[in-house]
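Asker: Structure supplied as target_21.cif; contents: mmCIF, C-alpha atoms and all ligand atoms.
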data_upload
loop_
_atom_site.label_atom_id
_atom_site.label_comp_id
_atom_site.auth_asym_id
_atom_site.auth_seq_id
_atom_site.Cartn_x
_atom_site.Cartn_y
_atom_site.Cartn_z
CA MET G 1 11.55 29.52 17.61
CA LYS G 2 7.93 29.64 18.59
CA MET G 3 5.47 29.35 15.71
CA GLU G 4 3.10 32.21 16.19
CA THR G 5 1.45 32.69 12.82
CA LEU G 6 0.36 30.84 9.71
CA GLN G 7 3.37 32.35 7.96
CA ASP G 8 5.69 30.68 10.51
CA LEU G 9 4.00 27.36 9.77
CA LEU G 10 4.26 27.98 6.02
CA ILE G 11 8.00 28.62 6.32
CA ASP G 12 8.45 25.45 8.34
CA HIS G 13 6.69 23.43 5.62
CA LEU G 14 8.62 25.11 2.81
CA LYS G 15 11.86 24.07 4.49
CA ASP G 16 10.53 20.55 4.88
CA LEU G 17 9.68 20.44 1.17
CA TYR G 18 13.10 21.80 0.28
CA SER G 19 14.65 18.87 2.12
CA ALA G 20 12.20 16.47 0.43
CA GLU G 21 13.07 17.74 -3.05
CA ASN G 22 16.79 17.54 -2.38
CA GLN G 23 16.51 13.98 -1.11
CA LEU G 24 14.63 13.13 -4.31
CA ILE G 25 17.32 14.72 -6.46
CA LYS G 26 19.66 12.11 -5.01
CA ALA G 27 17.21 9.20 -5.27
CA LEU G 28 15.81 9.67 -8.78
CA PRO G 29 19.02 8.81 -10.67
CA LYS G 30 19.11 5.51 -8.77
CA MET G 31 15.49 4.83 -9.67
CA ALA G 32 16.20 5.64 -13.33
CA LYS G 33 19.16 3.31 -13.28
CA ALA G 34 17.10 0.50 -11.76
CA ALA G 35 14.20 0.84 -14.23
CA SER G 36 14.17 -1.49 -17.23
CA ASN G 37 11.27 -0.05 -19.22
CA ALA G 38 12.69 2.70 -21.44
CA GLU G 39 9.74 5.03 -20.96
CA LEU G 40 9.87 4.64 -17.19
CA LYS G 41 13.61 5.30 -17.18
CA ALA G 42 13.11 8.41 -19.32
CA GLY G 43 10.22 9.48 -17.08
CA PHE G 44 12.43 9.36 -13.98
CA GLU G 45 15.15 11.31 -15.79
CA GLU G 46 12.65 13.94 -16.89
CA HIS G 47 11.23 14.23 -13.39
CA LEU G 48 14.76 14.64 -12.02
CA GLU G 49 15.12 17.81 -14.11
CA GLN G 50 11.71 19.03 -12.95
CA THR G 51 12.63 18.24 -9.35
CA LYS G 52 15.71 20.45 -9.57
CA GLY G 53 13.35 23.20 -10.70
CA HIS G 54 11.10 22.52 -7.70
CA ALA G 55 14.05 23.06 -5.36
CA THR G 56 14.94 26.28 -7.17
CA ARG G 57 11.37 27.58 -6.83
CA LEU G 58 11.47 26.91 -3.09
CA GLU G 59 14.73 28.85 -2.89
CA GLN G 60 13.06 31.74 -4.73
CA ILE G 61 10.08 31.72 -2.37
CA CYS G 62 12.29 31.56 0.73
CA LYS G 63 14.30 34.47 -0.62
CA MET G 64 11.10 36.50 -1.01
CA LEU G 65 10.26 35.66 2.61
CA ASN G 66 13.81 36.39 3.80
CA VAL G 67 14.43 32.94 5.18
CA ASN G 68 17.00 30.21 4.60
CA PRO G 69 15.41 27.15 2.95
CA LYS G 70 17.97 24.85 4.59
CA GLY G 71 17.93 23.43 8.08
CA LYS G 72 15.15 20.83 8.14
CA LYS G 73 15.06 17.16 7.26
CA CYS G 74 11.90 15.73 5.77
CA ALA G 75 11.44 12.48 7.68
CA ALA G 76 8.51 11.43 5.50
CA MET G 77 10.54 11.57 2.29
CA GLU G 78 13.40 9.81 4.04
CA GLY G 79 11.01 6.96 4.89
CA LEU G 80 9.54 6.75 1.40
CA ILE G 81 13.00 6.62 -0.14
CA GLU G 82 14.08 4.02 2.40
CA GLU G 83 11.20 1.78 1.32
CA GLY G 84 12.25 2.28 -2.30
CA LYS G 85 15.74 1.13 -1.38
CA GLU G 86 14.35 -2.00 0.25
CA LEU G 87 12.63 -2.79 -3.05
CA LEU G 88 15.91 -2.48 -4.95
CA GLU G 89 17.47 -5.03 -2.63
CA GLU G 90 14.84 -7.62 -3.54
CA ASP G 91 15.57 -10.30 -6.10
CA ALA G 92 12.83 -9.27 -8.54
CA GLU G 93 12.02 -9.83 -12.20
CA GLU G 94 12.83 -6.70 -14.21
CA VAL G 95 9.24 -5.85 -15.03
CA VAL G 96 8.05 -6.66 -11.51
CA LEU G 97 10.71 -4.29 -10.22
CA ASP G 98 9.41 -1.65 -12.65
CA ALA G 99 5.89 -2.05 -11.25
CA GLY G 100 7.33 -1.65 -7.75
CA LEU G 101 9.33 1.42 -8.76
CA ILE G 102 6.15 3.03 -10.08
CA ALA G 103 4.42 2.33 -6.77
CA ALA G 104 7.31 3.88 -4.84
CA ALA G 105 7.36 6.92 -7.13
CA GLN G 106 3.61 7.42 -6.86
CA LYS G 107 3.77 7.39 -3.07
CA VAL G 108 6.36 10.16 -3.35
CA GLU G 109 4.23 12.15 -5.81
CA HIS G 110 1.13 11.82 -3.65
CA TYR G 111 3.09 13.06 -0.64
CA GLU G 112 4.31 16.04 -2.65
CA ILE G 113 0.84 16.75 -4.05
CA ALA G 114 -0.56 16.84 -0.51
CA ALA G 115 2.27 19.02 0.78
CA TYR G 116 2.25 21.49 -2.14
CA GLY G 117 -1.53 21.71 -2.04
CA THR G 118 -1.31 22.75 1.60
CA VAL G 119 1.44 25.36 1.24
CA ARG G 120 -0.21 26.79 -1.89
CA THR G 121 -3.46 27.25 0.04
CA TRP G 122 -1.67 28.86 2.99
CA ALA G 123 0.18 31.19 0.62
CA GLU G 124 -3.18 32.17 -0.90
CA GLN G 125 -4.54 32.92 2.56
CA LEU G 126 -1.48 35.09 3.22
CA GLU G 127 -1.85 36.82 -0.17
CA LEU G 128 1.68 35.88 -1.20
CA ASP G 129 0.82 35.98 -4.89
CA ASP G 130 4.26 35.21 -6.32
CA ALA G 131 4.66 32.26 -3.99
CA VAL G 132 1.21 30.97 -4.95
CA ARG G 133 2.12 31.09 -8.64
CA LEU G 134 5.42 29.23 -8.15
CA LEU G 135 3.86 26.61 -5.88
CA GLU G 136 1.04 26.09 -8.36
CA GLU G 137 3.56 25.43 -11.16
CA THR G 138 5.27 22.75 -9.10
CA LEU G 139 1.95 21.23 -8.01
CA THR G 140 0.89 20.91 -11.65
CA GLU G 141 4.12 19.09 -12.54
CA GLU G 142 3.73 16.69 -9.61
CA LYS G 143 0.19 15.85 -10.70
CA GLN G 144 1.24 15.33 -14.32
CA THR G 145 4.03 13.02 -13.19
CA ASP G 146 1.60 11.01 -11.12
CA GLU G 147 -0.77 10.67 -14.09
CA LYS G 148 2.03 9.59 -16.42
CA LEU G 149 3.04 6.90 -13.93
CA THR G 150 -0.53 5.62 -13.75
CA GLU G 151 -0.70 5.55 -17.53
CA LEU G 152 2.56 3.63 -17.83
CA ALA G 153 1.49 1.12 -15.19
CA THR G 154 -1.99 0.45 -16.51
CA SER G 155 -1.14 0.47 -20.23
CA VAL G 156 1.82 -1.92 -20.13
CA ILE G 157 3.86 -2.55 -17.05
CA ASN G 158 1.28 -4.09 -14.70
CA GLU G 159 0.17 -6.51 -17.38
CA GLU G 160 3.72 -7.54 -18.18
CA ALA G 161 4.43 -7.92 -14.48
CA GLU G 162 1.37 -10.15 -14.15
CA ALA G 163 2.86 -12.49 -16.74
CA GLY G 164 6.21 -12.17 -14.98
CA ALA G 165 9.15 -14.20 -16.20
CA GLU G 166 7.11 -16.17 -18.72
CA ASP G 167 7.01 -13.36 -21.25
CA GLU G 168 10.63 -12.38 -20.99
CA GLU G 169 11.93 -15.86 -21.55
CA GLY G 170 10.29 -15.80 -24.94
CA ASP G 171 8.06 -18.38 -26.58
CA GLU G 172 7.86 -21.14 -24.10
CA THR G 173 4.17 -20.45 -23.53
CA ASP G 174 1.53 -20.24 -26.17
CA ALA G 175 0.98 -16.51 -26.44
CA SER G 176 -1.53 -16.63 -29.27
CA ASP G 177 -4.67 -16.76 -27.16
CA ASP G 178 -3.41 -14.04 -24.83
CA GLU G 179 -3.10 -11.46 -27.49
CA GLU G 180 -6.69 -11.11 -28.60
CA ASP G 181 -8.10 -9.52 -25.48
CA GLU G 182 -5.16 -7.40 -24.48
CA ASP G 183 -5.85 -4.19 -26.34
CA GLU G 184 -9.05 -3.32 -24.60
CA GLU G 185 -7.61 -1.22 -21.83
CA GLU G 186 -5.86 1.19 -24.16
CA GLY G 187 -7.07 4.73 -24.29
CA GLU G 188 -8.96 4.72 -21.05
CA ASP G 189 -8.84 7.84 -18.98
CA ALA G 190 -6.05 7.41 -16.47
CA GLY G 191 -7.63 9.96 -14.16
CA ASP G 192 -6.35 10.07 -10.64
CA GLU G 193 -6.18 6.39 -10.15
CA ALA G 194 -3.17 4.80 -8.58
CA ALA G 195 -1.26 2.21 -10.54
CA THR G 196 -2.54 -0.62 -8.49
CA THR G 197 -6.18 0.16 -9.18
CA SER G 198 -6.74 -2.06 -12.14
CA HIS G 199 -9.88 -1.66 -14.12
CA ARG G 200 -10.64 -4.07 -16.84
CA GLY G 201 -13.39 -2.92 -19.09
CA ARG G 202 -14.46 -6.23 -20.50
CA GLY G 203 -18.19 -5.85 -20.25
CA ARG G 204 -18.86 -4.89 -23.82
FE FE X 1 8.90 17.82 -6.61
FE FE X 2 7.81 14.93 -7.70
#
What is this structure when it is put down as C-alpha cells?
Answerer:
Amino acid sequence: MKMETLQDLLIDHLKDLYSAENQLIKALPKMAKAASNAELKAGFEEHLEQTKGHATRLEQICKMLNVNPKGKKCAAMEGLIEEGKELLEEDAEEVVLDAGLIAAAQKVEHYEIAAYGTVRTWAEQLELDDAVRLLEETLTEEKQTDEKLTELATSVINEEAEAGAEDEEGDETDASDDEEDEDEEEGEDAGDEAATTSHRGRGR
C-alpha cells in the first residue's frame, strides 16, 4: 500500500511499535531471570507489566484508527534483543552482567522514547487527541524506566561491577579504606544520563 499521508506513516510506525512491545514482552522475563540485583530484577518485572499495557494502548489506538496493529516486525528491537542475548551467553560476573543488562535495557528504552516521541508528535499534528493522550502515558513510563535504570547503575551496580569478583568473594581484600569515600555519589540528580556516564563529584 502506498503511503500517501502522515496518517499512513503514523499507522506504519504504530504497527512497528506494537511488534517492538510484543518482542519485549517475551524478552523481559529472561532479563529478569538473568539479573542478580534484587531491585534490578524487580524493575524488569515491573516494566514487563507496564509493557503489556503499552501493547494494549497501541491496540486501542489502532482500533480507533480502524487498523490491525499486527503485521509488521520491528527489526530494530529484534537487533537490540539479539545483542542482549549475546550478553547472556558471556561468562560474566553476576554484577558485571547486571551492569550489561542495564545497558541493554537502556538502549531499548531510548529506542522506545525516540519512537513514541515521534508518533505522539504526529498524532498531535493530526489532532488525534485520544491517541496523543495514550501515547503520552506510555512515553512517560518509558522515561521513568530509563531514569530508574540510571539511578540503579550509578548508585550501586556500576561501582560493584568496577570491583568485580573481589567484593563477592568476601574479605580477601582490605575493604576498610574503600568505604570512606563511597557515599559521595548518593542523592545526585540522575537526570537523563545514561548508566555509563559516570560522574564523580569529589571536588569538595
Ligand atoms: Fe514500552
Ligand atoms: Fe520500555
Asker: Could you state the separation of atom CA of G:Lys72 and atom CA of G:Asp12 in Å, given to one decimal place?
Answerer: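 Taking atom CA of G:Lys72 as the start and atom CA of G:Asp12 as the end point, the length is 8.1 Å.
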Asker: Could you tell me how far atom CA of G:Glu93 lies from atom CA of G:Glu46, in Å and to one decimal?
Answerer: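 Those two atoms sit 24.2 Å apart.
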Asker: Give me, as a tab-separated table, each residue of chain G that comes within 12 Å of ligand FE 1 (chain X), together with its shortest interatomic pair and the distance in Å at one decimal, counting only C-alpha atoms and all ligand atoms, with rows ordered by chain and rising residue number.
Answerer:
residue	atom	partner	partner_atom	distance
G:Leu14	CA	X:FE1	FE	11.9
G:Asp16	CA	X:FE1	FE	11.9
G:Leu17	CA	X:FE1	FE	8.2
G:Tyr18	CA	X:FE1	FE	9.0
G:Ser19	CA	X:FE1	FE	10.5
G:Ala20	CA	X:FE1	FE	7.9
G:Glu21	CA	X:FE1	FE	5.5
G:Asn22	CA	X:FE1	FE	9.0
G:Gln23	CA	X:FE1	FE	10.1
G:Leu24	CA	X:FE1	FE	7.8
G:Ile25	CA	X:FE1	FE	9.0
G:Leu28	CA	X:FE1	FE	10.9
G:Phe44	CA	X:FE1	FE	11.8
G:Glu46	CA	X:FE1	FE	11.6
G:His47	CA	X:FE1	FE	8.0
G:Leu48	CA	X:FE1	FE	8.6
G:Glu49	CA	X:FE1	FE	9.7
G:Gln50	CA	X:FE1	FE	7.0
G:Thr51	CA	X:FE1	FE	4.6
G:Lys52	CA	X:FE1	FE	7.9
G:Gly53	CA	X:FE1	FE	8.1
G:His54	CA	X:FE1	FE	5.3
G:Ala55	CA	X:FE1	FE	7.5
G:Thr56	CA	X:FE1	FE	10.4
G:Arg57	CA	X:FE1	FE	10.1
G:Leu58	CA	X:FE1	FE	10.1
G:Met77	CA	X:FE1	FE	11.0
G:Ala105	CA	X:FE1	FE	11.0
G:Gln106	CA	X:FE1	FE	11.7
G:Val108	CA	X:FE1	FE	8.7
G:Glu109	CA	X:FE1	FE	7.4
G:His110	CA	X:FE1	FE	10.3
G:Tyr111	CA	X:FE1	FE	9.6
G:Glu112	CA	X:FE1	FE	6.3
G:Ile113	CA	X:FE1	FE	8.5
G:Ala114	CA	X:FE1	FE	11.3
G:Ala115	CA	X:FE1	FE	10.0
G:Tyr116	CA	X:FE1	FE	8.8
G:Leu135	CA	X:FE1	FE	10.2
G:Glu136	CA	X:FE1	FE	11.5
G:Glu137	CA	X:FE1	FE	10.4
G:Thr138	CA	X:FE1	FE	6.6
G:Leu139	CA	X:FE1	FE	7.9
G:Thr140	CA	X:FE1	FE	10.0
G:Glu141	CA	X:FE1	FE	7.7
G:Glu142	CA	X:FE1	FE	6.1
G:Lys143	CA	X:FE1	FE	9.8
G:Gln144	CA	X:FE1	FE	11.1
G:Thr145	CA	X:FE1	FE	9.5
G:Asp146	CA	X:FE1	FE	11.0
Asker: For ligand FE 2 (chain X), which of G:Leu149, G:Ala92, G:Leu65, G:Ala38 is the closest residue, counting all atoms listed in the file?
Answerer: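 The shortest atom-to-atom distance to ligand FE 2 (chain X) comes from G:Leu149.
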Asker: Work out how far atom CA of G:Lys107 is from atom CA of G:His13, in Å to one decimal.
Answerer: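 Going from atom CA of G:His13 over to atom CA of G:Lys107, I get 18.5 Å.
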Asker: Which residue, G:Leu6, G:Lys15, G:Glu159, G:Leu40, has the smallest gap to G:Lys73 when you use only C-alpha atoms?
Answerer: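 The answer is G:Lys15, which sits nearest to G:Lys73.
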Asker: Using only C-alpha atoms and all ligand atoms, which of the listed residues (G:Ala27, G:Asn68, G:Glu59, G:Glu124) sits closest to ligand FE 2 (chain X)?
Answerer: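 Going through G:Ala27, G:Asn68, G:Glu59, G:Glu124 one by one, the smallest distance to ligand FE 2 (chain X) is for G:Ala27.
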Asker: Just want the 7 Å neighbourhood of G:Ala161, counted on only C-alpha atoms, with same-chain residues fewer than 2 positions away dropped. Output as a list in words.
Answerer: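 Once the adjacent positions are removed, what remains is Val95, Val96, Ala99, Ile157, Asn158, Glu159, Ala163 and Gly164 of chain G.
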Asker: Given the choices G:Asp98, G:Glu147, G:Lys33, G:Leu9, which gets closest to ligand FE 2 (chain X) if the distance is worked out from all atoms listed in the file?
Answerer: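 Using all atoms listed in the file, the shortest distance to ligand FE 2 (chain X) belongs to G:Glu147.
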Asker: G:Gln7, G:Glu45, G:Gly100, G:Glu166: which is nearest ligand FE 2 (chain X), counting only C-alpha atoms and all ligand atoms?
Answerer: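 That would be G:Glu45, the residue with the smallest distance to ligand FE 2 (chain X).
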Asker: Nearest to ligand FE 2 (chain X) among G:Val119, G:Ala104, G:Glu4, G:Leu134, with distances taken over all atoms listed in the file: which residue is it?
Answerer: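 Of the candidates, the smallest distance to ligand FE 2 (chain X) is held by G:Ala104.
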